[in-house]
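In what follows, a structure is listed as structure tokens, so that the remarks can point back to it.
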Amino acid sequence: MSLGKRMNRRIEHLDWIDIACIKVGAMLFALLAVKICPVLLALDSWVYAAALVSVSVRPVFRMLAPRGATEYRMRRGE
């Protein structure tokens, strides 16, 4: 069984509170990273914008895609 299938099966058991806790944990980790290494705050704002776009593209496209399109791509291995 592939890692993706195994993780999808585990995520099915989470509700919205669990997902919210994961998001808050990620934000707290980011704050901790900045607290430990303050040079991260010295980066230009375009670096943060590029990072935001790069991590947001796939979920947004998968959310807006027609219902069967993502399942077809997943079966083909794309």
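Labels used: A, B, ... for chains in the order of the structure tokens, numbers from 1 for residues in each chain, and numbers from 1 for ligands as shown.
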
Per DSSP on the backbone, filter chain A down to the residues in alpha helix (DSSP H) and report them as an MDAnalysis selection string.
chainID A and resid 3:11 16:36 45:64 67:76

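For the atom pair formed by CA of Glu12 in chain A and CA of Ala30 in chain A, the distance is 25.9 Å, given to one decimal.
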
Could you jot down the CA of Ala20 in chain A to CA of Asp44 in chain A separation for me, Å, one decimal place?
28.7 Å

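Note that CA of Pro38 in chain A and CA of Leu52 in chain A are 19.3 Å apart.
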